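Shown next, in structure tokens, is the structure this report addresses.
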Amino acid sequence: MTATADYKTLAERASQELADATAEEALRWTVETFGDDFIVASNMQDAVLIDLATKVKSDVDVLFLETGYHFPETIGTRDAVQTVYPDVRIVNAQAEQSVAEQDAEHGPKLHDRDPTLCCNLRKVVPLRKTLANYSAWVTGVRRVDAPTRANTPIVTWDDRNGLVKVNPIAAWTDDEFNGYIREHGILENPLVSIGYLSIGCAPCTARVEPGQDPRSGRWAGQSKTECGLHG
């Protein structure tokens with residue numbers, strides 16, 4: 001049996017055994033199972049997942065997709081994470097082309113004309129290349145984020161990227177999530193406090209009005225709801 005098949009079987013078994021696991025239990029299983037061979041993904045909207053992970057393993061690798069289109073506040077949050085959690089190693093995954101090179105080949109503002117292609121070039125491909133160096137990745141996806149994420153398991157096999165995917169806070173409600181931030185004084189992107197409730201690249205992220213779906217600020221006015229990282 002190949003290593004991939006072994007890990008796929010492992011993920012399928014863990015999906016059942018850890019179906020009701022707490023975030024700490026899921027993360028502890030990840031560390032015990034993979035050691036250093038996993039990475040924690042963060043869009044730097046907050047440091048909740050990073051904080052949870054470092055309580056189990058202080059020197060985790062943290063994946064940040066450096067798209068070239070981030071808000072300054074997002075870059076500032078990334079830098080603050082490194083200061084608050086000095087043992088973590090932030091892995092900045094970058095696209096093969098700079099924004100200027102992409103503009104030269106595809107024309108300026110590709111994100112307005114073909115956001116799916118732009119996301120693929122600046123997020124999906126860099127993610128896939130980075131994840132190829134690991135056997136598992138940990139994400140902050142939650143079931144309440146969007147209808148497309150409603151059935152997110154705690155552990156699953158990520159067939160698209162060919163590794164185990166762990167979603168330790170999949171079952172957390174908004175109250176639990178926000179309560180954790182308040183209780184533990186977790187770093188949060190300052191844009192959140194002014195209505196940016198789902199933060200991605202600056203050209204494709206807008207404020208959300210009170211009572212609206214938090215993800216309605218992503219690709220506002222378009223049918224697109226996901227960047228392709230999680231499905």
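Residues are named by chain letter and number: chains run A, B, ... in the order of the structure tokens, numbers start at 1 in each chain, and ligands are numbered from 1 in the order shown.
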
DSSP alpha helix (DSSP H) selection over stretch 1-230 of chain A, as JSON, numbers by chain: {"A": [3, 4, 5, 6, 7, 8, 9, 10, 11, 12, 13, 14, 15, 16, 17, 23, 24, 25, 26, 27, 28, 29, 30, 31, 32, 33, 34, 48, 49, 50, 51, 52, 53, 54, 55, 56, 72, 73, 74, 75, 76, 77, 78, 79, 80, 81, 82, 83, 84, 99, 100, 101, 102, 103, 104, 105, 106, 110, 111, 112, 113, 115, 116, 117, 118, 119, 125, 126, 127, 128, 129, 130, 131, 174, 175, 176, 177, 178, 179, 180, 181, 182, 183, 184]}

Give the strand (DSSP E) residues of stretch 2-190 of chain A, as DSSP finds them on the backbone, and put them as an mmCIF file with N, CA, C and O atoms, in the first residue's frame.
data_model
loop_
_atom_site.group_PDB
_atom_site.id
_atom_site.type_symbol
_atom_site.label_atom_id
_atom_site.label_comp_id
_atom_site.auth_asym_id
_atom_site.auth_seq_id
_atom_site.Cartn_x
_atom_site.Cartn_y
_atom_site.Cartn_z
ATOM 1 N N PHE A 38 3.069 18.678 9.248
ATOM 2 C CA PHE A 38 1.779 19.299 8.957
ATOM 3 C C PHE A 38 1.942 20.808 9.035
ATOM 4 O O PHE A 38 2.929 21.321 9.579
ATOM 5 N N ILE A 39 0.971 21.532 8.477
ATOM 6 C CA ILE A 39 1.016 22.995 8.470
ATOM 7 C C ILE A 39 -0.362 23.545 8.795
ATOM 8 O O ILE A 39 -1.381 22.947 8.437
ATOM 9 N N VAL A 40 -0.380 24.657 9.506
ATOM 10 C CA VAL A 40 -1.622 25.317 9.916
ATOM 11 C C VAL A 40 -1.886 26.502 8.989
ATOM 12 O O VAL A 40 -1.037 27.390 8.865
ATOM 13 N N ALA A 41 -3.028 26.514 8.338
ATOM 14 C CA ALA A 41 -3.347 27.592 7.402
ATOM 15 C C ALA A 41 -4.015 28.758 8.119
ATOM 16 O O ALA A 41 -4.823 28.562 9.025
ATOM 17 N N ASP A 61 4.354 25.177 11.796
ATOM 18 C CA ASP A 61 4.440 25.923 10.550
ATOM 19 C C ASP A 61 3.071 26.546 10.273
ATOM 20 O O ASP A 61 2.041 25.874 10.429
ATOM 21 N N VAL A 62 3.062 27.804 9.864
ATOM 22 C CA VAL A 62 1.814 28.515 9.571
ATOM 23 C C VAL A 62 1.831 28.971 8.119
ATOM 24 O O VAL A 62 2.739 29.703 7.701
ATOM 25 N N LEU A 63 0.847 28.549 7.376
ATOM 26 C CA LEU A 63 0.751 28.879 5.956
ATOM 27 C C LEU A 63 -0.036 30.159 5.735
ATOM 28 O O LEU A 63 -1.175 30.297 6.180
ATOM 29 N N PHE A 64 0.596 31.102 5.032
ATOM 30 C CA PHE A 64 -0.071 32.343 4.652
ATOM 31 C C PHE A 64 0.071 32.516 3.152
ATOM 32 O O PHE A 64 1.185 32.511 2.625
ATOM 33 N N LEU A 65 -1.050 32.665 2.451
ATOM 34 C CA LEU A 65 -1.024 32.867 1.007
ATOM 35 C C LEU A 65 -0.767 34.340 0.716
ATOM 36 O O LEU A 65 -1.652 35.177 0.846
ATOM 37 N N GLU A 66 0.454 34.649 0.333
ATOM 38 C CA GLU A 66 0.848 36.024 0.050
ATOM 39 C C GLU A 66 0.484 36.330 -1.413
ATOM 40 O O GLU A 66 1.273 36.143 -2.332
ATOM 41 N N ARG A 89 6.754 29.206 12.513
ATOM 42 C CA ARG A 89 7.443 29.517 11.255
ATOM 43 C C ARG A 89 6.382 29.856 10.220
ATOM 44 O O ARG A 89 5.608 28.987 9.814
ATOM 45 N N ILE A 90 6.321 31.108 9.823
ATOM 46 C CA ILE A 90 5.331 31.515 8.834
ATOM 47 C C ILE A 90 5.864 31.207 7.438
ATOM 48 O O ILE A 90 6.940 31.665 7.049
ATOM 49 N N VAL A 91 5.113 30.415 6.705
ATOM 50 C CA VAL A 91 5.460 30.038 5.339
ATOM 51 C C VAL A 91 4.628 30.891 4.395
ATOM 52 O O VAL A 91 3.414 30.713 4.287
ATOM 53 N N ASN A 92 5.257 31.832 3.729
ATOM 54 C CA ASN A 92 4.559 32.724 2.801
ATOM 55 C C ASN A 92 4.533 32.097 1.419
ATOM 56 O O ASN A 92 5.550 32.065 0.720
ATOM 57 N N ALA A 93 3.376 31.575 1.035
ATOM 58 C CA ALA A 93 3.229 30.929 -0.266
ATOM 59 C C ALA A 93 2.887 31.986 -1.311
ATOM 60 O O ALA A 93 1.865 32.665 -1.211
ATOM 61 N N GLN A 94 3.735 32.123 -2.303
ATOM 62 C CA GLN A 94 3.552 33.157 -3.315
ATOM 63 C C GLN A 94 3.283 32.557 -4.687
ATOM 64 O O GLN A 94 3.732 31.447 -4.992
ATOM 65 N N ALA A 136 -0.244 16.619 6.072
ATOM 66 C CA ALA A 136 -1.537 17.064 6.598
ATOM 67 C C ALA A 136 -1.543 18.584 6.696
ATOM 68 O O ALA A 136 -0.489 19.220 6.813
ATOM 69 N N TRP A 137 -2.754 19.146 6.634
ATOM 70 C CA TRP A 137 -2.884 20.570 6.913
ATOM 71 C C TRP A 137 -4.077 20.806 7.808
ATOM 72 O O TRP A 137 -5.033 20.022 7.824
ATOM 73 N N VAL A 138 -3.990 21.879 8.585
ATOM 74 C CA VAL A 138 -5.013 22.233 9.557
ATOM 75 C C VAL A 138 -5.644 23.540 9.122
ATOM 76 O O VAL A 138 -4.939 24.513 8.821
ATOM 77 N N VAL A 155 -11.940 15.618 10.632
ATOM 78 C CA VAL A 155 -10.823 15.069 9.865
ATOM 79 C C VAL A 155 -11.362 14.488 8.571
ATOM 80 O O VAL A 155 -12.403 13.820 8.562
ATOM 81 N N THR A 156 -10.649 14.734 7.489
ATOM 82 C CA THR A 156 -11.079 14.202 6.200
ATOM 83 C C THR A 156 -9.855 14.001 5.315
ATOM 84 O O THR A 156 -8.755 14.441 5.645
ATOM 85 N N TRP A 157 -10.066 13.321 4.209
ATOM 86 C CA TRP A 157 -9.007 13.201 3.208
ATOM 87 C C TRP A 157 -9.238 14.271 2.152
ATOM 88 O O TRP A 157 -10.314 14.368 1.577
ATOM 89 N N ASP A 158 -8.242 15.093 1.934
ATOM 90 C CA ASP A 158 -8.308 16.161 0.935
ATOM 91 C C ASP A 158 -7.823 15.589 -0.391
ATOM 92 O O ASP A 158 -6.629 15.581 -0.682
ATOM 93 N N LEU A 163 -3.676 15.052 0.685
ATOM 94 C CA LEU A 163 -3.179 14.925 2.057
ATOM 95 C C LEU A 163 -4.341 14.971 3.043
ATOM 96 O O LEU A 163 -5.480 15.248 2.662
ATOM 97 N N VAL A 164 -4.046 14.710 4.304
ATOM 98 C CA VAL A 164 -5.071 14.725 5.346
ATOM 99 C C VAL A 164 -5.400 16.179 5.692
ATOM 100 O O VAL A 164 -4.510 17.026 5.778
ATOM 101 N N LYS A 165 -6.670 16.434 5.890
ATOM 102 C CA LYS A 165 -7.128 17.785 6.241
ATOM 103 C C LYS A 165 -7.836 17.726 7.587
ATOM 104 O O LYS A 165 -8.753 16.928 7.786
ATOM 105 N N VAL A 166 -7.389 18.578 8.505
ATOM 106 C CA VAL A 166 -7.958 18.612 9.853
ATOM 107 C C VAL A 166 -8.621 19.969 10.058
ATOM 108 O O VAL A 166 -8.022 21.019 9.815
#

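Among the candidate residues A:Leu10, A:Val192, A:Gly140, A:Val31, the one lying nearest to A:Ala206 is A:Val192, with distances computed using only C-alpha atoms.
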
Residue among A:Asp145, A:Glu73, A:Asp103, A:Asp79 lying closest to A:Ile169, counting only C-alpha atoms: A:Asp145

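For A:Trp29, the set of protein, DNA and RNA residues having any atom at most 10 Å away, when counting only C-alpha atoms and skipping those fewer than 6 positions along the same chain, is A:Ala14, A:Leu18, A:Ala21, A:Ala23, A:Gly35, A:Val56, A:Val166.
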
Polymer residues at most 9 Å from A:Val125, only C-alpha atoms, same-chain spacing of 6 or more positions, as a PyMOL selection string: chain A and resi 95-96+119

Those residues you just picked out, can you put them in a file as a PDB file, in the first residue's frame with C-alpha atoms?
ATOM      1  CA  ALA A  95       2.305  32.878  -6.876  1.00  0.00           C
ATOM      2  CA  GLU A  96       4.789  32.139  -9.647  1.00  0.00           C
ATOM      3  CA  CYS A 119      -7.766  32.936  -7.337  1.00  0.00           C
TER       4      CYS A 119
END

A:Leu191 surroundings by only C-alpha atoms, 9 Å radius, close-in-sequence under 2 positions cut, as a list in words: Gln45, Phe71, Glu73, Thr74, Glu188, Asn189, Ser193, Ile194, Gly195, Tyr196, Leu197, Ile199 and Arg207 of chain A

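One finds atom CA of A:Glu101 at 27.4 Å from atom CA of A:Gly217.
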